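Structure record follows, encoded as structure tokens.
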There are 2 protein chains.
Amino acid sequence: MAAERLVVIGGDAAGMSAASQARRLKGPDEMGIVAFERGHFTSYSACGIPYWVGGDVEQRDDLIARTPEEHRARAIDLRMRTEVTEIDVAGQRVRALDRETGETYWAGFDKLVIATGARPVRPALPGMDAAGVHGVQTLDDGQALLDSLDRAPGRRAVVVGAGYIGVEMAEALLKHGFEVTVLNRGEQPMATLDPDMGRLVHDAMDGLGITTVNRAGVSKIITGADGRVTAVATEEGTYPADVVVLGIGVEPETTLARAAGLPVGPHGGLLTDLSMRVVGHDNIWAGGDCVEVLDLVAGRTRHIALGTHANKHGQIIGSNAGGGYGTFPGVVGTAVSKVCDLEIARTGLREKDARAVGLRFVTATIESTGRAGYYPGAQPMTVKMLAEFRTGRLLGVQIVGREGAAKRVDIAAVALTAGMTVDQMTALDLGYAPPFSPVWDPVLVAARKTVQAVRAAGV
Amino acid sequence: MAAERLVVIGGDAAGMSAASQARRLKGPDEMGIVAFERGHFTSYSACGIPYWVGGDVEQRDDLIARTPEEHRARAIDLRMRTEVTEIDVAGQRVRALDRETGETYWAGFDKLVIATGARPVRPALPGMDAAGVHGVQTLDDGQALLDSLDRAPGRRAVVVGAGYIGVEMAEALLKHGFEVTVLNRGEQPMATLDPDMGRLVHDAMDGLGITTVNRAGVSKIITGADGRVTAVATEEGTYPADVVVLGIGVEPETTLARAAGLPVGPHGGLLTDLSMRVVGHDNIWAGGDCVEVLDLVAGRTRHIALGTHANKHGQIIGSNAGGGYGTFPGVVGTAVSKVCDLEIARTGLREKDARAVGLRFVTATIESTGRAGYYPGAQPMTVKMLAEFRTGRLLGVQIVGREGAAKRVDIAAVALTAGMTVDQMTALDLGYAPPFSPVWDPVLVAARKTVQAVRAAGV
């Protein structure tokens, strides 16, 4: 019997994790594995790009977890600079285009993994493609931006978007000595937080010397005679710019999959079952930034582009495709980030998320510190908690603070996964010692106050 | 109707939290609150003493959360330097001895709170009371030690005991320029960890210049002609010492309660129900370091002297005594500490704890880093995980590492509370960004390896 053929589309976190895990379970005699990657790199940390651009990470290659050669050494037939242009589901084959040679060919599969990732949102505005305007989605993007920073005629940078990438890039540009303005379409930066918490980020960015302009929708990129960006225009004003970084967010890259008739959800991502199999297709899996995931708190799917999910997906897909077993139950929506020493974290639902799915809730916000108040270096931390009306079930937590703020959200992430009430959370046996926490951990303080809010809301 | 009388024995975390919470619920017209404290201070952080001695915390008073005057301003009749010498349960009164005046008197109660704390273990060895030999249980102890360090004829310090207090005091003495030797009765320092993890602490302490002698039972304190300590003798050798710090641990202070016929458990602590009421007594509560708490993982009681539990107990007791409602479900055994920049954490059961309660288990140990490997400052972290044989239920986690190691144990603390399996833990949606975690959080890596160990152990 011929070896089974596994084809993987996309050579980054999800795709190559799937290929590697399948290879662990099935040797080359049992399974041939072909992976197609249209770009120049495999298995790299896109999340690390802002830190490379900012100079915290020295070299581009530090972000590469595994090179093409390393994958090939594990008997994965990895074809770089090769784009899959069509999936023939019924014919069990994909059409590949070698971007170096221009050659196209069909490759047959018994099992298929779709890991086509996400693409940055680039609004169709005048000047979007001007020199000096940069996305930061790929390593190539990062290199282009670094080169552009060197060539920039002045030191004024505009970041469009104030989400994770936007604020991280603001820090990176600050480190390059740029005067940084962040143009934010929303009410406050970090729209992944409620506006009252986003306000704290805004204030902290002010303190760092980063100018944030809220409710600023970009209308145009203005260019000079040389074609290079000179300013960014909104309806309210014009912001001079020697370089522009786009951090507007990403959307699932599912063009291929849609063309093949595979099911996509309300957020444009592929729909899978718990084993990461594409709904309705026994031999096709999908994972990473191109799929929608079940939000366990909201009870519906979301699109979240995050390396940690992509790696989990890949591992599970590889197990299942390789004859093992694994499932991905869903997410609770945890995300952490930082701007300089300001740490930002969230998990679960924001107020508007809860409203959108019909949950009635109460909130409580507390101020505490990451260490005992008397311990040197104790810094303020604000914790906001949402709990369901009546039941007191935890719905979400947002934290903005300094050292120790970000990863504290993991406490809430586990509690959400377990379906705990805020009352149960008040009894949690969390680590306490003066260098690491006040005697009441900030999360416990927030839980206690939220319990009171639940009670005050009545039954 | 006369106001109800609440009497509190012990003016530290549990006792004064109880008094304060009861006062919040009942005004002075409804409830009279008398609190007796035999020492000089109230509501202070004993956990902070090593950091005050080490100079991280500047002043003794920084450790005091609330002074006697502050308590009195809230209508609590706090009687300092007044020791309760007898509890007359049937007569509903306590006998008090004013240590300033020598006067004794009876005070009646309708409701009683016992918060007598813990006392340091001081083995009855020759020389234990010599000048230069110090416990570090109270603020007075801390001051005496600081004075002694100034007077010490040389710079050699011996710490007896290598638990939390022992290792924290080793750091404090190092900061005072002492050459520090830790004499440890056990196989490795930090007996709250399994020996394989304690070994990592030992190695790190070596690296810091702290000498740790394991399996070293102290037989004698040797003194000079002036009566001051000159050395500590074990069966194996003699260790010159200009100052000796005892960090051997504590035991519940329940002399009074025993004399009154109140029930104590196998570890010498008072036994309470879930509302922190002393078993068999409707109007007597006990909390803090003088009680045993239910270990939710082991299914039996333990004695844990820790400020965070004491504060929770006090808050719950005050609610119940004040006509409100609260319960303390138990602990999972979380504890965190540090020696210089080495962070040490544990939760749940060690191997020997699991064995002692009849649990069969598997373990896995992994090495990872607290940040993405490529992010500057990424430092090694070792995570050991225990899971139950067959069921895969999480039983315990131990972490030794640098920045970010200690509070990561909270993830496991919540998972233990929720009764999660290690398989469920592999899907946890934990915060990921390069400055805060590798793409697979070390706890997830440990969970994955433990899942494999559970499977490998068969069914």
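We name chains A, B, ... following the order of the structure tokens; residues begin at 1 in each chain, and ligands are numbered from 1 as shown.
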**OP:** From a DSSP calculation on the backbone, collect every residue of segment 160-390 of chain A in strand (DSSP E) and output the set as a VMD selection string.
**Re:** chain A and resid 160 179 to 183 211 to 213 218 to 223 229 to 234 238 to 240 243 to 246 250 to 252 284 to 286 293 to 295 300 to 302 335 to 339 342 to 348 361 to 369 380 to 388
Distance table requested - chain A against chain B, cut-off 6 Å, only C-alpha atoms: one row per qualifying residue with the closest atom pair and its distance in Å to one decimal, ordered by chain and rising residue number, as a Markdown table.
| residue | atom | partner | partner_atom | distance |
| --- | --- | --- | --- | --- |
| A:Val57 | CA | B:Tyr375 | CA | 6.0 |
| A:Asp62 | CA | B:Tyr374 | CA | 5.8 |
| A:Thr308 | CA | B:Val439 | CA | 5.0 |
| A:Val331 | CA | B:Asp429 | CA | 5.7 |
| A:Thr334 | CA | B:Gly431 | CA | 5.5 |
| A:Ala335 | CA | B:Gly431 | CA | 5.2 |
| A:Val336 | CA | B:Gly431 | CA | 5.4 |
| A:Tyr374 | CA | B:Asp62 | CA | 5.8 |
| A:Tyr375 | CA | B:Val57 | CA | 6.0 |
| A:Asp410 | CA | B:Leu430 | CA | 5.4 |
| A:Ile411 | CA | B:Ile411 | CA | 5.5 |
| A:Asp429 | CA | B:Val331 | CA | 5.7 |
| A:Leu430 | CA | B:Asp410 | CA | 5.4 |
| A:Gly431 | CA | B:Ala335 | CA | 5.2 |
| A:Val439 | CA | B:Thr308 | CA | 5.0 |
Shell around segment 192-194 of chain B at 9 Å using only C-alpha atoms, local window under 2 positions removed, as a CSV table (one decimal) with all heavy atoms, in the first residue's frame:
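As written to disk, out_30.csv reads:
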chain,number,residue,atom,x,y,z
B,163,GLY,N,13.4,26.4,55.2
B,163,GLY,CA,12.1,26.6,54.6
B,163,GLY,C,11.9,28.1,54.2
B,163,GLY,O,12.9,28.8,53.9
B,164,TYR,N,10.7,28.6,54.0
B,164,TYR,CA,10.5,29.9,53.5
B,164,TYR,C,11.3,30.9,54.3
B,164,TYR,O,12.0,31.8,53.8
B,164,TYR,CB,9.0,30.3,53.5
B,164,TYR,CG,8.3,29.5,52.5
B,164,TYR,CD1,7.5,28.4,52.9
B,164,TYR,CD2,8.4,29.8,51.2
B,164,TYR,CE1,6.9,27.6,52.0
B,164,TYR,CE2,7.7,29.0,50.2
B,164,TYR,CZ,7.0,27.9,50.6
B,164,TYR,OH,6.4,27.1,49.7
B,188,GLN,N,17.0,18.3,51.1
B,188,GLN,CA,17.3,19.5,50.3
B,188,GLN,C,16.6,20.7,50.9
B,188,GLN,O,15.7,20.5,51.7
B,188,GLN,CB,16.7,19.3,48.8
B,188,GLN,CG,17.5,18.3,48.0
B,188,GLN,CD,18.9,18.7,47.6
B,188,GLN,OE1,19.3,19.9,47.8
B,188,GLN,NE2,19.7,17.8,47.2
B,189,PRO,N,17.0,21.9,50.6
B,189,PRO,CA,16.3,23.1,51.1
B,189,PRO,C,14.9,23.1,50.5
B,189,PRO,O,14.6,22.4,49.6
B,189,PRO,CB,17.1,24.3,50.6
B,189,PRO,CG,18.0,23.8,49.6
B,189,PRO,CD,18.2,22.3,49.8
B,190,MET,N,14.0,23.9,51.2
B,190,MET,CA,12.6,24.0,50.8
B,190,MET,C,11.9,22.7,50.8
B,190,MET,O,11.6,22.1,49.7
B,190,MET,CB,12.5,24.7,49.4
B,190,MET,CG,12.9,26.1,49.4
B,190,MET,SD,12.2,27.2,50.6
B,190,MET,CE,10.5,27.2,50.0
B,196,ASP,N,13.8,16.8,44.4
B,196,ASP,CA,14.4,17.1,43.1
B,196,ASP,C,14.3,18.6,42.7
B,196,ASP,O,15.1,19.2,42.0
B,196,ASP,CB,13.8,16.2,41.9
B,196,ASP,CG,12.3,16.2,41.9
B,196,ASP,OD1,11.7,16.7,42.9
B,196,ASP,OD2,11.7,15.8,40.9
B,197,MET,N,13.2,19.2,43.2
B,197,MET,CA,13.0,20.6,43.0
B,197,MET,C,13.8,21.4,44.0
B,197,MET,O,14.3,22.5,43.7
B,197,MET,CB,11.5,21.0,43.0
B,197,MET,CG,10.7,20.4,41.9
B,197,MET,SD,11.2,20.9,40.2
B,197,MET,CE,10.4,22.5,40.1
B,198,GLY,N,13.8,20.9,45.2
B,198,GLY,CA,14.6,21.6,46.3
B,198,GLY,C,16.1,21.7,45.9
B,198,GLY,O,16.8,22.6,46.2
B,199,ARG,N,16.5,20.7,45.2
B,199,ARG,CA,17.9,20.6,44.6
B,199,ARG,C,18.2,21.8,43.8
B,199,ARG,O,19.3,22.4,43.8
B,199,ARG,CB,18.0,19.3,43.8
B,199,ARG,CG,19.3,19.2,43.0
B,199,ARG,CD,20.4,18.6,43.9
B,199,ARG,NE,21.7,19.3,43.5
B,199,ARG,CZ,22.8,18.8,43.9
B,199,ARG,NH1,22.9,17.8,44.8
B,199,ARG,NH2,23.9,19.5,43.6
B,335,ALA,N,2.0,28.4,47.8
B,335,ALA,CA,3.0,29.2,48.6
B,335,ALA,C,4.1,29.6,47.6
B,335,ALA,O,4.5,28.9,46.7
B,335,ALA,CB,3.6,28.4,49.7
B,344,ILE,N,10.4,30.7,43.9
B,344,ILE,CA,10.1,29.4,44.3
B,344,ILE,C,8.6,29.3,44.5
B,344,ILE,O,8.0,30.2,45.3
B,344,ILE,CB,10.8,29.0,45.6
B,344,ILE,CG1,12.3,29.2,45.4
B,344,ILE,CG2,10.5,27.6,46.0
B,344,ILE,CD1,13.1,29.3,46.7
B,345,ALA,N,7.9,28.4,43.9
B,345,ALA,CA,6.4,28.3,44.1
B,345,ALA,C,6.0,26.8,44.2
B,345,ALA,O,6.6,26.0,43.6
B,345,ALA,CB,5.7,29.0,43.0
B,346,ARG,N,4.9,26.6,44.9
B,346,ARG,CA,4.3,25.3,44.9
B,346,ARG,C,2.8,25.5,45.1
B,346,ARG,O,2.3,26.4,45.7
B,346,ARG,CB,4.9,24.5,46.0
B,346,ARG,CG,4.7,25.1,47.4
B,346,ARG,CD,4.6,24.1,48.5
B,346,ARG,NE,3.3,23.5,48.5
B,346,ARG,CZ,2.9,22.4,49.1
B,346,ARG,NH1,3.9,21.7,49.7
B,346,ARG,NH2,1.7,22.0,49.1
B,350,ARG,N,2.9,17.5,47.1
B,350,ARG,CA,4.2,16.9,46.7
B,350,ARG,C,4.0,15.4,46.6
B,350,ARG,O,3.0,14.8,47.0
B,350,ARG,CB,5.2,17.2,47.9
B,350,ARG,CG,5.5,18.6,48.1
B,350,ARG,CD,6.2,18.7,49.5
B,350,ARG,NE,5.3,18.2,50.5
B,350,ARG,CZ,5.6,18.2,51.8
B,350,ARG,NH1,6.8,18.7,52.2
B,350,ARG,NH2,4.8,17.8,52.7
B,351,GLU,N,5.0,14.8,46.1
B,351,GLU,CA,5.0,13.3,46.0
B,351,GLU,C,4.6,12.6,47.3
B,351,GLU,O,3.7,11.8,47.4
B,351,GLU,CB,6.3,12.8,45.4
B,351,GLU,CG,6.6,13.2,44.0
B,351,GLU,CD,7.7,12.4,43.4
B,351,GLU,OE1,8.0,11.3,43.9
B,351,GLU,OE2,8.3,12.8,42.4
B,352,LYS,N,5.3,13.1,48.4
B,352,LYS,CA,5.0,12.4,49.6
B,352,LYS,C,3.6,12.7,50.2
B,352,LYS,O,3.0,11.9,50.9
B,352,LYS,CB,6.1,12.6,50.6
B,352,LYS,CG,6.2,14.0,51.2
B,352,LYS,CD,7.3,14.0,52.3
B,352,LYS,CE,7.4,15.3,53.0
B,352,LYS,NZ,8.5,15.3,54.0
B,398,GLN,N,5.0,22.4,41.1
B,398,GLN,CA,6.1,23.1,41.8
B,398,GLN,C,6.9,23.9,40.7
B,398,GLN,O,7.2,23.3,39.6
B,398,GLN,CB,7.0,22.1,42.5
B,398,GLN,CG,6.3,21.4,43.6
B,398,GLN,CD,7.0,20.1,44.1
B,398,GLN,OE1,8.2,20.1,44.2
B,398,GLN,NE2,6.2,19.1,44.3
B,399,ILE,N,7.3,25.1,41.0
B,399,ILE,CA,8.0,25.9,40.0
B,399,ILE,C,9.2,26.5,40.6
B,399,ILE,O,9.1,27.1,41.7
B,399,ILE,CB,7.1,27.0,39.4
B,399,ILE,CG1,5.8,26.4,38.9
B,399,ILE,CG2,7.9,27.7,38.2
B,399,ILE,CD1,4.9,27.5,38.3
Subject >> Those of segment 65-181 of chain B in DSSP helix (DSSP H, G or I), formatted as a PyMOL selection string >> reply: chain B and resi 68-73+139-151+164-175
Got time to write the residues from that selection, C-alpha atoms, as a PDB file, in the first residue's frame?
ATOM      1  CA  PRO B  68      -4.054  50.311  67.640  1.00  0.00           C
ATOM      2  CA  GLU B  69      -5.233  53.903  67.369  1.00  0.00           C
ATOM      3  CA  GLU B  70      -6.702  53.273  63.931  1.00  0.00           C
ATOM      4  CA  HIS B  71      -8.595  50.271  65.255  1.00  0.00           C
ATOM      5  CA  ARG B  72      -9.835  52.244  68.228  1.00  0.00           C
ATOM      6  CA  ALA B  73     -11.026  55.012  65.919  1.00  0.00           C
ATOM      7  CA  LEU B 139       8.309  42.783  64.941  1.00  0.00           C
ATOM      8  CA  ASP B 140      10.117  42.736  68.292  1.00  0.00           C
ATOM      9  CA  ASP B 141      12.117  39.749  67.059  1.00  0.00           C
ATOM     10  CA  GLY B 142      13.008  41.634  63.890  1.00  0.00           C
ATOM     11  CA  GLN B 143      14.194  44.671  65.807  1.00  0.00           C
ATOM     12  CA  ALA B 144      16.245  42.508  68.157  1.00  0.00           C
ATOM     13  CA  LEU B 145      17.871  40.795  65.196  1.00  0.00           C
ATOM     14  CA  LEU B 146      18.688  44.088  63.491  1.00  0.00           C
ATOM     15  CA  ASP B 147      20.287  45.350  66.709  1.00  0.00           C
ATOM     16  CA  SER B 148      22.190  42.094  67.015  1.00  0.00           C
ATOM     17  CA  LEU B 149      23.531  42.365  63.465  1.00  0.00           C
ATOM     18  CA  ASP B 150      25.015  45.745  64.360  1.00  0.00           C
ATOM     19  CA  ARG B 151      26.632  44.305  67.473  1.00  0.00           C
ATOM     20  CA  TYR B 164      10.497  29.933  53.512  1.00  0.00           C
ATOM     21  CA  ILE B 165      11.718  31.921  56.494  1.00  0.00           C
ATOM     22  CA  GLY B 166      15.134  30.292  56.366  1.00  0.00           C
ATOM     23  CA  VAL B 167      15.838  31.077  52.727  1.00  0.00           C
ATOM     24  CA  GLU B 168      14.360  34.562  52.963  1.00  0.00           C
ATOM     25  CA  MET B 169      16.523  35.282  56.010  1.00  0.00           C
ATOM     26  CA  ALA B 170      19.572  33.914  54.190  1.00  0.00           C
ATOM     27  CA  GLU B 171      18.991  36.583  51.549  1.00  0.00           C
ATOM     28  CA  ALA B 172      18.473  39.270  54.210  1.00  0.00           C
ATOM     29  CA  LEU B 173      21.733  38.364  55.963  1.00  0.00           C
ATOM     30  CA  LEU B 174      23.591  38.264  52.663  1.00  0.00           C
ATOM     31  CA  LYS B 175      22.431  41.845  52.089  1.00  0.00           C
TER      32      LYS B 175
END
Original post:
So, counting only C-alpha atoms, which residue among A:Gly209, A:Gly224, A:Pro195, A:Pro263 is closest to Lys384 of chain A?
Top reply: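 Result for the nearest residue to Lys384 of chain A: A:Pro195.
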**OP:** Compare A:Thr223, A:Thr234, A:Thr82, A:Thr212 by their minimum atom-to-atom distance to Gly127 of chain A, counting only C-alpha atoms, and give me the closest one.
**Re:**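 Checking each candidate against Gly127 of chain A, we get A:Thr223 as the closest.
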**OP:** Show which residues sit within 10 Å of Lys449 of chain A, as a list in words. Count only C-alpha atoms, and ignore same-chain residues fewer than 6 positions away.
**Re:**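 Using only C-alpha atoms, the neighbours found are Thr363, Ala364, Thr365, Ile366, Lys384, Met385, Val422, Asp423, Thr426, Val443 and Arg455 of chain A.
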Could you save those same residues with all heavy atoms as a short mmCIF file (atom, residue, chain, number, x, y, z; two decimals), in the first residue's frame?
data_model
loop_
_atom_site.label_atom_id
_atom_site.label_comp_id
_atom_site.auth_asym_id
_atom_site.auth_seq_id
_atom_site.Cartn_x
_atom_site.Cartn_y
_atom_site.Cartn_z
N THR A 363 -20.39 45.09 37.00
CA THR A 363 -18.94 45.26 36.93
C THR A 363 -18.43 45.85 38.24
O THR A 363 -19.18 46.48 38.98
CB THR A 363 -18.51 46.22 35.79
OG1 THR A 363 -18.81 47.55 36.18
CG2 THR A 363 -19.21 45.90 34.49
N ALA A 364 -17.15 45.63 38.48
CA ALA A 364 -16.48 46.29 39.60
C ALA A 364 -15.05 46.56 39.16
O ALA A 364 -14.46 45.77 38.43
CB ALA A 364 -16.50 45.43 40.85
N THR A 365 -14.52 47.68 39.59
CA THR A 365 -13.14 48.06 39.25
C THR A 365 -12.42 48.42 40.53
O THR A 365 -12.96 49.14 41.36
CB THR A 365 -13.14 49.25 38.28
OG1 THR A 365 -13.87 48.88 37.11
CG2 THR A 365 -11.71 49.61 37.88
N ILE A 366 -11.22 47.88 40.69
CA ILE A 366 -10.46 48.17 41.91
C ILE A 366 -9.03 48.59 41.55
O ILE A 366 -8.54 48.29 40.47
CB ILE A 366 -10.41 46.97 42.87
CG1 ILE A 366 -9.68 45.77 42.25
CG2 ILE A 366 -11.81 46.54 43.29
CD1 ILE A 366 -8.24 45.64 42.59
N LYS A 384 -10.57 45.32 36.43
CA LYS A 384 -12.01 45.43 36.21
C LYS A 384 -12.57 44.02 36.01
O LYS A 384 -11.97 43.21 35.30
CB LYS A 384 -12.31 46.28 34.97
CG LYS A 384 -13.79 46.35 34.63
CD LYS A 384 -14.07 47.29 33.48
CE LYS A 384 -15.57 47.35 33.20
NZ LYS A 384 -15.88 48.40 32.21
N MET A 385 -13.68 43.75 36.64
CA MET A 385 -14.25 42.40 36.56
C MET A 385 -15.72 42.50 36.17
O MET A 385 -16.43 43.40 36.63
CB MET A 385 -14.09 41.71 37.92
CG MET A 385 -14.32 40.22 37.91
SD MET A 385 -13.86 39.45 39.52
CE MET A 385 -12.10 39.20 39.32
N VAL A 422 -17.82 34.57 40.87
CA VAL A 422 -16.90 35.49 41.56
C VAL A 422 -16.85 35.18 43.05
O VAL A 422 -15.83 35.40 43.70
CB VAL A 422 -17.26 36.97 41.29
CG1 VAL A 422 -16.85 37.33 39.86
CG2 VAL A 422 -18.72 37.28 41.53
N ASP A 423 -17.94 34.66 43.58
CA ASP A 423 -17.93 34.23 44.98
C ASP A 423 -16.91 33.11 45.19
O ASP A 423 -16.10 33.16 46.14
CB ASP A 423 -19.33 33.73 45.35
CG ASP A 423 -19.81 34.31 46.68
OD1 ASP A 423 -18.97 34.52 47.58
OD2 ASP A 423 -21.01 34.56 46.80
N THR A 426 -13.34 34.43 45.35
CA THR A 426 -12.84 35.12 46.54
C THR A 426 -12.07 34.16 47.45
O THR A 426 -11.28 34.60 48.28
CB THR A 426 -13.98 35.76 47.38
OG1 THR A 426 -14.84 34.73 47.85
CG2 THR A 426 -14.75 36.78 46.57
N VAL A 443 -6.66 40.36 42.17
CA VAL A 443 -7.77 39.61 41.58
C VAL A 443 -8.79 39.23 42.66
O VAL A 443 -10.00 39.23 42.42
CB VAL A 443 -7.27 38.35 40.83
CG1 VAL A 443 -8.43 37.49 40.35
CG2 VAL A 443 -6.40 38.77 39.64
N ARG A 455 -24.62 41.22 44.53
CA ARG A 455 -25.64 41.26 45.57
C ARG A 455 -26.46 42.55 45.48
O ARG A 455 -27.68 42.53 45.59
CB ARG A 455 -25.00 41.18 46.96
CG ARG A 455 -24.62 39.76 47.29
CD ARG A 455 -24.04 39.65 48.69
NE ARG A 455 -23.18 38.48 48.74
CZ ARG A 455 -22.09 38.35 49.48
NH1 ARG A 455 -21.73 39.35 50.29
NH2 ARG A 455 -21.39 37.25 49.44
#
Original post:
What is the distance between atom CA of Arg448 of chain B and atom CA of Gly370 of chain B, in Å to one decimal?
Top reply: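 So the two atoms, atom CA of Arg448 of chain B and atom CA of Gly370 of chain B, lie 17.1 Å apart.
Shell of His267 of chain A at 10 Å, with only C-alpha atoms counted and residues fewer than 4 places along the chain excluded, is Glu251, Pro252, Leu271, Val291, Glu292, Thr301, Arg302, His303 and Ile304 of chain A.
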Output for the residues just chosen: C-alpha atoms as a PDB file, in the first residue's frame:
ATOM      1  CA  GLU A 251      -8.756  39.167   8.864  1.00  0.00           C
ATOM      2  CA  PRO A 252      -8.731  35.459   8.069  1.00  0.00           C
ATOM      3  CA  LEU A 271     -15.490  26.707  10.540  1.00  0.00           C
ATOM      4  CA  VAL A 291     -10.269  29.765  11.405  1.00  0.00           C
ATOM      5  CA  GLU A 292     -12.927  30.929  13.812  1.00  0.00           C
ATOM      6  CA  THR A 301     -17.332  31.833  17.363  1.00  0.00           C
ATOM      7  CA  ARG A 302     -14.757  34.609  17.118  1.00  0.00           C
ATOM      8  CA  HIS A 303     -11.707  35.278  15.013  1.00  0.00           C
ATOM      9  CA  ILE A 304      -8.517  35.594  17.057  1.00  0.00           C
TER      10      ILE A 304
END
**OP:** Tell me, as a ChimeraX atom specification, which residues lie within 9 Å of segment 102-110 of chain B, counting only C-alpha atoms; anything in the same chain fewer than 3 positions away does not count.
**Re:** /B:4-7,34,91-99,283-284
**OP:** Name all residues at most 12 Å from segment 23-28 of chain B (count only C-alpha atoms; drop same-chain ones fewer than 3 positions away) and give them as an NGL selection string.
**Re:** :B and (2-6 or 16-20 or 31-34 or 71-77 or 315-325)
Original post:
What gap, in Å, lies between atom CA of Gly249 of chain A and atom CA of His134 of chain A?
Top reply: 13.0 Å
Subject >> Distance in Å - atom CA of Thr421 of chain A versus atom CA of Thr391 of chain A >> reply: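 Computing it gives 7.3 Å between the two atoms.
If you measure from each of A:Val293, A:Ala405, A:Ala260, A:Ala241 to His281 of chain A using only C-alpha atoms, the closest one turns out to be A:Ala260.
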